[in-house]
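K.L.:
This is the content of model-v4.csv (CSV, C-alpha atoms and all ligand atoms):
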chain,number,residue,atom,x,y,z
O,1,MET,CA,-1.4,-1.4,2.5
O,2,HIS,CA,-0.7,-4.9,3.9
O,3,GLU,CA,0.3,-3.8,7.4
O,4,LEU,CA,-2.2,-6.3,8.9
O,5,SER,CA,-0.6,-9.4,7.4
O,6,VAL,CA,2.9,-8.1,8.1
O,7,THR,CA,2.0,-7.4,11.8
O,8,GLU,CA,0.6,-10.9,12.1
O,9,GLY,CA,3.9,-12.4,10.9
O,10,LEU,CA,5.9,-10.1,13.2
O,11,ILE,CA,3.9,-11.1,16.3
O,12,LYS,CA,4.3,-14.8,15.5
O,13,ILE,CA,8.1,-14.4,15.4
O,14,ILE,CA,8.2,-12.4,18.6
O,15,VAL,CA,6.1,-14.9,20.5
O,16,ASP,CA,8.3,-17.7,19.2
O,17,GLU,CA,11.4,-15.9,20.4
O,18,ALA,CA,9.9,-15.2,23.7
O,19,GLU,CA,8.9,-18.8,24.3
O,20,LYS,CA,12.3,-20.1,23.2
O,21,ARG,CA,14.0,-17.9,25.7
O,22,ASN,CA,11.4,-18.0,28.5
O,23,ILE,CA,10.8,-14.3,28.3
O,24,ARG,CA,7.5,-13.1,29.9
O,25,LYS,CA,7.6,-9.5,28.8
O,26,ILE,CA,9.3,-7.7,25.9
O,27,SER,CA,9.6,-3.9,26.2
O,28,ARG,CA,10.9,-3.0,22.8
O,29,ILE,CA,11.3,-4.4,19.3
O,30,ASN,CA,13.9,-2.9,17.0
O,31,LEU,CA,13.0,-3.3,13.3
O,32,VAL,CA,15.1,-2.3,10.3
O,33,ILE,CA,12.9,-1.3,7.4
O,34,GLY,CA,14.1,0.0,4.0
O,35,ASP,CA,12.4,3.1,2.8
O,36,LEU,CA,11.4,1.2,-0.4
O,37,ALA,CA,9.4,-1.3,1.7
O,38,SER,CA,5.9,0.0,1.5
O,39,ILE,CA,4.8,0.0,5.1
O,40,VAL,CA,3.4,2.7,7.4
O,41,ASP,CA,5.0,2.6,10.9
O,42,ASP,CA,2.0,4.0,12.8
O,43,SER,CA,-0.3,1.5,11.2
O,44,VAL,CA,1.9,-1.5,12.1
O,45,GLN,CA,2.0,-0.2,15.8
O,46,PHE,CA,-1.7,0.2,15.7
O,47,TYR,CA,-2.4,-3.4,14.6
O,48,TYR,CA,0.4,-4.6,16.9
O,49,ASP,CA,-1.3,-3.2,20.0
O,50,ILE,CA,-4.5,-5.0,19.1
O,51,LEU,CA,-3.1,-8.3,18.0
O,52,SER,CA,-0.4,-8.7,20.7
O,53,LYS,CA,-2.9,-8.6,23.6
O,54,GLY,CA,-2.5,-11.6,25.9
O,55,THR,CA,0.8,-12.7,24.5
O,56,ALA,CA,4.4,-12.2,25.7
O,57,ALA,CA,4.7,-9.6,23.0
O,58,GLU,CA,2.0,-7.4,24.5
O,59,GLY,CA,2.9,-3.8,25.3
O,60,ALA,CA,6.1,-3.6,23.4
O,61,VAL,CA,7.1,-0.4,21.7
O,62,LEU,CA,8.1,-0.9,18.0
O,63,PHE,CA,11.2,1.1,16.9
O,64,PHE,CA,11.6,1.5,13.2
O,65,LYS,CA,15.1,2.1,11.9
O,66,ARG,CA,14.6,3.4,8.4
O,67,VAL,CA,17.2,2.8,5.7
O,68,ALA,CA,17.1,5.1,2.7
O,69,PRO,CA,18.1,4.0,-0.7
O,70,ALA,CA,21.5,5.4,-1.9
O,71,PHE,CA,22.5,6.4,-5.4
O,72,ALA,CA,25.9,6.9,-6.9
O,73,CYS,CA,26.5,9.5,-9.6
O,74,GLN,CA,28.2,8.0,-12.7
O,75,GLN,CA,29.8,11.3,-13.6
O,76,CYS,CA,31.3,12.7,-10.4
O,77,HIS,CA,30.8,9.6,-8.2
O,78,ALA,CA,29.0,11.5,-5.4
O,79,VAL,CA,26.8,9.2,-3.3
O,80,PHE,CA,23.4,10.6,-2.4
O,81,GLU,CA,19.9,9.8,-1.1
O,82,LYS,CA,17.0,10.3,-3.5
O,83,LYS,CA,15.3,13.5,-2.4
O,84,SER,CA,13.5,15.0,-5.4
O,85,TYR,CA,11.7,13.6,-8.4
O,86,GLY,CA,14.5,12.1,-10.4
O,87,TYR,CA,17.6,10.0,-9.9
O,88,ARG,CA,19.9,12.8,-11.1
O,89,CYS,CA,22.9,13.8,-9.0
O,90,PRO,CA,22.3,16.8,-6.8
O,91,GLU,CA,25.9,17.9,-7.2
O,92,CYS,CA,26.4,17.8,-11.0
O,93,GLY,CA,23.2,16.6,-12.5
O,94,GLY,CA,24.7,13.4,-13.8
O,95,LYS,CA,22.8,10.1,-14.2
O,96,SER,CA,23.1,7.7,-11.3
O,97,ILE,CA,22.9,4.1,-10.4
O,98,ILE,CA,21.4,2.6,-7.2
O,99,LEU,CA,23.9,1.4,-4.6
O,100,GLU,CA,21.8,0.5,-1.5
O,101,LYS,CA,18.3,-0.6,-2.3
O,102,GLY,CA,16.6,0.3,1.0
O,103,GLN,CA,14.5,-2.9,0.9
O,104,GLU,CA,15.5,-4.2,4.4
O,105,PHE,CA,12.7,-5.8,6.3
O,106,TYR,CA,13.8,-7.6,9.4
O,107,ILE,CA,13.7,-7.7,13.2
O,108,GLU,CA,17.1,-6.7,14.5
O,109,SER,CA,16.7,-7.3,18.2
O,110,ILE,CA,14.2,-7.4,21.1
O,111,GLU,CA,14.7,-5.7,24.5
O,112,VAL,CA,13.7,-7.1,27.8
O,113,GLU,CA,13.6,-5.2,31.1
O,114,THR,CA,15.8,-6.9,33.7
O,115,ASP,CA,16.3,-6.0,37.4
O,116,GLU,CA,19.7,-4.5,36.7
O,117,ASP,CA,18.4,-2.1,34.0
U,1,MET,CA,18.8,-6.3,28.0
U,2,LYS,CA,19.1,-6.4,24.2
U,3,ILE,CA,18.8,-9.8,22.4
U,4,ASP,CA,19.8,-10.2,18.8
U,5,VAL,CA,17.1,-11.7,16.6
U,6,ARG,CA,17.8,-11.0,13.0
U,7,ARG,CA,14.7,-12.6,11.4
U,8,ASN,CA,13.0,-11.5,8.3
U,9,ILE,CA,9.5,-10.3,9.1
U,10,LEU,CA,8.1,-12.1,6.0
U,11,GLU,CA,10.0,-15.3,6.7
U,12,ALA,CA,6.8,-17.4,6.8
U,13,ASN,CA,6.0,-16.3,3.3
U,14,GLN,CA,9.6,-16.8,2.1
U,15,GLU,CA,9.6,-20.4,3.4
U,16,LEU,CA,6.4,-21.2,1.5
U,17,ALA,CA,7.7,-19.5,-1.6
U,18,LEU,CA,10.8,-21.8,-1.5
U,19,GLN,CA,8.5,-24.8,-1.2
U,20,ASN,CA,6.5,-23.6,-4.2
U,21,ARG,CA,9.7,-23.1,-6.1
U,22,GLU,CA,10.8,-26.6,-5.5
U,23,PHE,CA,7.5,-27.9,-6.6
U,24,PHE,CA,7.6,-25.9,-9.9
U,25,GLN,CA,11.2,-26.9,-10.6
U,26,LYS,CA,10.3,-30.6,-10.2
U,27,ASN,CA,7.3,-30.3,-12.5
U,28,LYS,CA,9.1,-28.3,-15.2
U,29,VAL,CA,7.1,-25.1,-14.7
U,30,LEU,CA,8.6,-21.7,-15.3
U,31,VAL,CA,6.5,-19.4,-13.2
U,32,VAL,CA,6.1,-15.8,-14.5
U,33,ASN,CA,4.8,-13.3,-12.0
U,34,ILE,CA,3.1,-10.4,-13.8
U,35,MET,CA,3.0,-7.2,-11.8
U,36,ALA,CA,1.4,-4.0,-13.1
U,37,ALA,CA,-1.1,-1.2,-12.3
U,38,PRO,CA,-4.8,-1.9,-13.0
U,39,GLY,CA,-5.5,-1.8,-16.7
U,40,ALA,CA,-1.8,-1.8,-17.9
U,41,GLY,CA,-2.5,-4.8,-20.0
U,42,LYS,CA,-1.7,-7.9,-17.9
U,43,THR,CA,-4.5,-10.0,-19.3
U,44,SER,CA,-4.0,-8.8,-22.8
U,45,THR,CA,-0.3,-9.6,-22.7
U,46,ILE,CA,-0.8,-13.1,-21.3
U,47,LEU,CA,-3.4,-13.8,-24.0
U,48,LYS,CA,-1.1,-12.5,-26.8
U,49,THR,CA,1.9,-14.5,-25.5
U,50,VAL,CA,-0.1,-17.7,-25.3
U,51,ASP,CA,-1.3,-17.2,-28.9
U,52,LEU,CA,2.3,-16.8,-29.9
U,53,LEU,CA,3.9,-19.7,-28.1
U,54,ARG,CA,1.2,-22.3,-27.4
U,55,LYS,CA,2.5,-24.6,-30.1
U,56,LYS,CA,5.8,-24.9,-28.2
U,57,LEU,CA,4.8,-24.6,-24.5
U,58,ARG,CA,1.9,-25.5,-22.3
U,59,PHE,CA,0.4,-22.5,-20.6
U,60,LEU,CA,-1.4,-22.3,-17.2
U,61,VAL,CA,-2.7,-19.1,-15.6
U,62,ILE,CA,-3.5,-18.0,-12.1
U,63,GLU,CA,-5.6,-14.9,-11.9
U,64,GLY,CA,-5.3,-12.8,-8.7
U,65,ASP,CA,-8.1,-10.3,-8.3
U,66,ILE,CA,-9.7,-8.5,-5.3
U,67,ALA,CA,-13.0,-9.8,-6.7
U,68,SER,CA,-14.6,-11.2,-9.9
U,69,ARG,CA,-13.8,-13.9,-12.5
U,70,ILE,CA,-13.7,-11.7,-15.5
U,71,ASP,CA,-10.1,-12.3,-16.5
U,72,ALA,CA,-10.4,-16.0,-15.7
U,73,GLU,CA,-13.3,-16.3,-18.0
U,74,LYS,CA,-11.3,-14.8,-20.8
U,75,MET,CA,-8.7,-17.6,-20.3
U,76,GLU,CA,-11.3,-20.3,-20.1
U,77,SER,CA,-12.9,-19.1,-23.3
U,78,ARG,CA,-9.6,-19.9,-25.1
U,79,GLY,CA,-9.1,-23.2,-23.4
U,80,ILE,CA,-6.3,-22.1,-21.1
U,81,PRO,CA,-6.3,-23.9,-17.8
U,82,VAL,CA,-6.9,-21.2,-15.2
U,83,VAL,CA,-7.4,-20.9,-11.4
U,84,GLN,CA,-9.0,-17.8,-10.0
U,85,ILE,CA,-7.8,-16.5,-6.6
U,86,ASN,CA,-10.0,-13.8,-5.1
U,87,THR,CA,-8.0,-12.0,-2.4
U,88,GLY,CA,-10.9,-10.2,-0.9
U,89,HIS,CA,-9.4,-7.3,1.0
U,90,MET,CA,-5.8,-8.2,0.2
U,91,CYS,CA,-3.7,-6.0,-2.1
U,92,HIS,CA,-1.4,-8.8,-3.3
U,93,LEU,CA,-1.0,-12.6,-3.8
U,94,ASP,CA,1.1,-14.4,-1.3
U,95,ALA,CA,2.9,-17.8,-1.4
U,96,ASN,CA,0.3,-19.5,0.6
U,97,MET,CA,-2.5,-18.7,-1.9
U,98,ILE,CA,-0.3,-20.0,-4.7
U,99,LYS,CA,0.4,-23.2,-2.7
U,100,GLY,CA,-3.3,-23.7,-2.5
U,101,ALA,CA,-3.7,-23.5,-6.2
U,102,LEU,CA,-0.9,-25.8,-7.3
U,103,SER,CA,-2.7,-29.0,-7.1
U,104,LYS,CA,-5.6,-27.8,-9.3
U,105,PHE,CA,-3.5,-28.0,-12.4
U,106,THR,CA,-2.1,-31.0,-14.3
U,107,TYR,CA,1.4,-30.5,-15.7
U,108,GLY,CA,2.8,-31.5,-19.0
U,109,ALA,CA,6.3,-31.6,-20.5
U,110,ASP,CA,7.1,-27.8,-20.8
U,111,ASN,CA,4.9,-25.5,-18.8
U,112,ILE,CA,4.7,-21.8,-18.3
U,113,LEU,CA,2.5,-20.6,-15.5
U,114,PHE,CA,1.5,-17.0,-15.7
U,115,ILE,CA,0.4,-15.5,-12.4
U,116,GLU,CA,-1.5,-12.3,-13.0
U,117,ASN,CA,-1.0,-10.5,-9.7
U,118,VAL,CA,-3.5,-8.0,-8.3
U,119,GLY,CA,-3.3,-4.7,-10.2
U,120,ASN,CA,-1.1,-2.7,-7.9
U,121,LEU,CA,2.5,-1.4,-8.2
U,122,VAL,CA,3.3,-1.5,-4.5
U,123,CYS,CA,2.4,-4.5,-2.5
U,124,PRO,CA,3.0,-7.5,-4.9
U,125,ALA,CA,6.7,-6.5,-5.0
U,126,GLU,CA,7.1,-7.6,-1.4
U,127,PHE,CA,5.7,-11.1,-1.5
U,128,SER,CA,7.6,-13.8,-3.3
U,129,LEU,CA,5.4,-16.6,-4.6
U,130,GLY,CA,8.0,-19.1,-5.7
U,131,GLU,CA,8.2,-17.6,-9.2
U,132,GLY,CA,11.1,-17.9,-11.6
U,133,LEU,CA,10.6,-14.6,-13.3
U,134,ASN,CA,9.2,-11.2,-12.3
U,135,ILE,CA,7.8,-9.1,-15.1
U,136,VAL,CA,6.5,-5.6,-14.7
U,137,ILE,CA,4.2,-4.2,-17.3
U,138,SER,CA,4.0,-0.5,-17.7
U,139,SER,CA,1.9,1.1,-20.3
U,140,VAL,CA,2.3,4.4,-22.2
U,141,PRO,CA,-0.9,6.1,-20.9
U,142,GLU,CA,0.3,5.6,-17.3
U,143,GLY,CA,3.1,8.1,-17.9
U,144,HIS,CA,6.9,8.0,-17.8
U,145,ASP,CA,7.3,8.7,-14.1
U,146,LYS,CA,6.4,5.3,-12.8
U,147,PRO,CA,10.0,4.1,-12.2
U,148,TYR,CA,10.5,7.1,-10.0
U,149,LYS,CA,7.3,6.8,-8.0
U,150,TYR,CA,7.3,3.0,-7.6
U,151,PRO,CA,11.0,1.9,-7.5
U,152,GLY,CA,10.4,-1.2,-5.5
U,153,VAL,CA,8.5,-3.1,-8.2
U,154,TYR,CA,11.1,-2.2,-10.8
U,155,LEU,CA,13.9,-3.4,-8.6
U,156,LYS,CA,12.3,-6.8,-8.4
U,157,ALA,CA,11.8,-7.1,-12.2
U,158,ASP,CA,13.7,-9.4,-14.5
U,159,ALA,CA,12.3,-7.6,-17.5
U,160,VAL,CA,9.9,-4.7,-18.2
U,161,ILE,CA,7.2,-4.7,-20.9
U,162,LEU,CA,6.2,-1.3,-22.1
U,163,ASN,CA,2.8,-1.8,-23.5
U,164,LYS,CA,0.3,0.2,-25.5
U,165,MET,CA,3.1,1.6,-27.8
U,166,ASP,CA,0.4,2.2,-30.4
U,167,THR,CA,-0.8,5.2,-28.2
U,168,LEU,CA,2.6,6.9,-28.1
U,169,GLY,CA,1.6,9.5,-30.7
U,170,SER,CA,-1.4,10.8,-28.7
U,171,ILE,CA,0.1,10.8,-25.2
U,172,ASP,CA,2.9,12.9,-23.7
U,173,PHE,CA,5.2,10.1,-22.7
U,174,GLU,CA,8.9,10.9,-22.4
U,175,LYS,CA,10.5,7.6,-23.3
U,176,ASP,CA,14.0,8.8,-22.4
U,177,SER,CA,12.9,9.7,-18.9
U,178,PHE,CA,11.2,6.3,-18.5
U,179,TYR,CA,14.4,4.5,-19.6
U,180,GLU,CA,16.6,6.7,-17.4
U,181,GLY,CA,14.5,5.9,-14.4
U,182,ILE,CA,14.7,2.2,-15.0
U,183,LYS,CA,18.4,2.2,-15.8
U,184,ALA,CA,19.1,4.0,-12.5
U,185,LEU,CA,17.6,1.1,-10.7
U,186,HIS,CA,18.7,-1.7,-12.9
U,187,ALA,CA,21.4,-0.9,-15.4
U,188,ASP,CA,20.9,-3.9,-17.7
U,189,LEU,CA,17.2,-4.7,-17.3
U,190,PRO,CA,15.6,-5.8,-20.6
U,191,ILE,CA,12.8,-3.6,-21.8
U,192,PHE,CA,10.3,-4.8,-24.4
U,193,GLU,CA,8.2,-2.2,-26.2
U,194,VAL,CA,5.0,-3.9,-27.3
U,195,SER,CA,1.4,-3.3,-28.3
U,196,CYS,CA,-1.3,-5.8,-27.6
U,197,LYS,CA,-3.4,-4.0,-30.2
U,198,THR,CA,-1.0,-4.2,-33.1
U,199,GLY,CA,1.1,-7.1,-31.9
U,200,GLU,CA,4.3,-5.2,-32.4
U,201,GLY,CA,7.3,-6.3,-30.2
U,202,PHE,CA,5.8,-9.7,-29.3
U,203,THR,CA,8.3,-11.7,-31.4
U,204,GLU,CA,11.3,-10.3,-29.3
U,205,TRP,CA,9.4,-10.8,-26.0
U,206,GLY,CA,8.4,-14.3,-27.0
U,207,GLU,CA,12.0,-15.3,-28.0
U,208,TRP,CA,13.3,-13.9,-24.7
U,209,LEU,CA,10.7,-15.9,-22.7
U,210,LEU,CA,11.5,-19.1,-24.6
U,211,GLY,CA,15.2,-18.5,-23.9
U,212,LYS,CA,14.5,-18.1,-20.2
U,213,TYR,CA,12.5,-21.4,-20.3
U,214,ARG,CA,15.5,-23.2,-21.8
U,215,GLU,CA,17.9,-21.5,-19.3
U,216,ASN,CA,15.8,-22.8,-16.4
U,217,PHE,CA,15.3,-26.3,-17.8
U,218,PRO,CA,18.4,-27.1,-20.0
U,219,GLN,CA,17.2,-30.7,-20.4
U,220,THR,CA,14.2,-29.6,-22.4
U,221,MET,CA,13.7,-30.8,-26.0
U,222,LEU,CA,12.5,-27.4,-27.1
C,1,LIG,N1,-4.6,0.7,-27.4
C,1,LIG,C1,-4.2,-0.3,-26.6
C,1,LIG,N2,-5.0,-0.8,-25.7
C,1,LIG,C2,-4.6,-1.9,-25.0
C,1,LIG,C3,-3.4,-2.5,-25.2
C,1,LIG,N3,-3.3,-3.5,-24.3
C,1,LIG,C4,-4.4,-3.5,-23.6
C,1,LIG,N4,-5.2,-2.5,-24.0
C,1,LIG,C5,-6.6,-2.3,-23.4
C,1,LIG,O1,-6.4,-1.8,-22.1
C,1,LIG,C6,-7.5,-2.3,-21.3
C,1,LIG,C7,-7.0,-3.1,-20.1
C,1,LIG,O2,-6.3,-4.2,-20.6
C,1,LIG,P1,-6.2,-5.5,-19.7
C,1,LIG,O3,-5.4,-6.5,-20.4
C,1,LIG,O4,-7.5,-6.0,-19.2
C,1,LIG,O5,-5.4,-4.9,-18.5
C,1,LIG,P2,-5.1,-5.6,-17.0
C,1,LIG,O6,-3.8,-5.1,-16.6
C,1,LIG,O7,-5.2,-7.1,-17.1
C,1,LIG,O8,-6.3,-5.0,-16.2
C,1,LIG,P3,-6.8,-5.4,-14.7
C,1,LIG,O9,-6.7,-6.9,-14.6
C,1,LIG,O10,-8.2,-4.9,-14.6
C,1,LIG,O11,-5.9,-4.8,-13.7
C,1,LIG,C8,-8.4,-3.1,-22.2
C,1,LIG,O12,-9.4,-2.3,-22.7
C,1,LIG,C9,-7.5,-3.5,-23.3
C,1,LIG,O13,-8.1,-3.7,-24.6
C,1,LIG,C10,-2.5,-1.9,-26.2
C,1,LIG,O14,-1.4,-2.4,-26.5
C,1,LIG,N5,-3.0,-0.8,-26.9
C,2,MG,MG,-6.5,-8.4,-16.0
C,3,ZN,ZN,27.4,13.9,-9.9
Once more with this new file: its structure as structure tokens, please.

P.N.:
Amino acid sequence: MHELSVTEGLIKIIVDEAEKRNIRKISRINLVIGDLASIVDDSVQFYYDILSKGTAAEGAVLFFKRVAPAFACQQCHAVFEKKSYGYRCPECGGKSIILEKGQEFYIESIEVETDED
Amino acid sequence: MKIDVRRNILEANQELALQNREFFQKNKVLVVNIMAAPGAGKTSTILKTVDLLRKKLRFLVIEGDIASRIDAEKMESRGIPVVQINTGHMCHLDANMIKGALSKFTYGADNILFIENVGNLVCPAEFSLGEGLNIVISSVPEGHDKPYKYPGVYLKADAVILNKMDTLGSIDFEKDSFYEGIKALHADLPIFEVSCKTGEGFTEWGEWLLGKYRENFPQTML
């Protein structure tokens, strides 16, 4: 629901990185986003295409690596991703505790096309 | 060619939140960010808490709403210093909005600043404001499934208030399921069962909050 302000922040960082490294054109941006981060990929790309016009960030493709939260069963110790309604273990039905939160929200890397590529 | 960047997309907000936090620390303000669905009882809980503790602490309030000053007027009518932030189209408050409001208050010896975030269980969880505590208010009529549907906001919480306990008899609310959902996310999260209507549960909540103030500002005379 706040994709617009998130995209603005993203572009600021990308333009900053491009200037720092004298990059004229970025082809791809790799993002790591937890599933619990409430953001819609397509919507970010949509705003990105509009807001990045005329900057070194223009035209880049956004790649979203999604990280799912993981839970550990307190009974049989199975580790699982939440799939259904509850947080019960799909193996034994035991109660679980969250292990990995899936709240990542960062830029991992940018890719630039060079002559050797 | 791939270039490592490793930067948080919300870093600009994080930086401002840190600055706000320093400001609050210096001015002896414990900032309590209240997050909840529309109508869960954010305003009612703030008012009740102020009634309970205003002899001990000085209370300040920031009201975040898409539009209107309705909640701010409720605070004003009781003599509570309040700043209204209207976010327009925005679904949450951010650190920059809070920064803009800081200078509108005067600060005394022991202050608690309640920030009533925009009624929303999703977006406020992602934007730090510089707060010292994050409180989620759930209410019985919303149903027991909220910790399953909106895990992000509960993961951020330092405590949960379960409000409108007076309605428990007339609503199908499975308390065990609610607790199980929260415990899966946060094994030792304090949960306070209260009713703004009857006042039940507020003594425990008030004691806890006061304890948090002392924890944050050990030099206090409170
Ligand atoms: N029965 C009952 N009603 C309550 C309780 N707490 C709040 N209410 C009522 O619930 C309604 C919403 O309460 P508010 O305190 O305005 O809720 P809010 O979360 O601030 O609402 P918004 O700011 O509009 O998102 C009001 O009509 C309150 O009187 C409670 O413990 N029991
Ligand atoms: Mg309100
Ligand atoms: Zn199991």

K.L.:
Up to 6 Å from chain U, what residues of chain O turn up? Count all atoms listed in the file and give them as a PyMOL selection string.

P.N.:
chain O and resi 10+36+96-98+106-112

K.L.:
Enumerate as JSON, numbers by chain the residues within 8 Å of ligand MG 2 (chain C), counting all atoms listed in the file.

P.N.:
{"U": [38, 39, 41, 42, 43, 44, 63, 70, 71, 116, 119]}

K.L.:
Nearest to ligand LIG 1 (chain C) among U:Ile112, U:Ala36, U:Ile135, U:Ile66, with distances taken over all atoms listed in the file: which residue is it?

P.N.:
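Nearest candidate to ligand LIG 1 (chain C) out of U:Ile112, U:Ala36, U:Ile135, U:Ile66: U:Ala36.
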
K.L.:
Suppose you want the space between CA of Ala18 in chain O and CA of Ser52 in chain O; what is it in Å?

P.N.:
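Between CA of Ala18 in chain O and CA of Ser52 in chain O the gap works out to 12.5 Å.
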
K.L.:
Using all atoms listed in the file, which of the listed residues (O:Glu91, O:Glu19, O:Glu81, O:Glu100) sits closest to Thr55 in chain O?

P.N.:
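Selected residue with least distance to Thr55 in chain O: O:Glu19.
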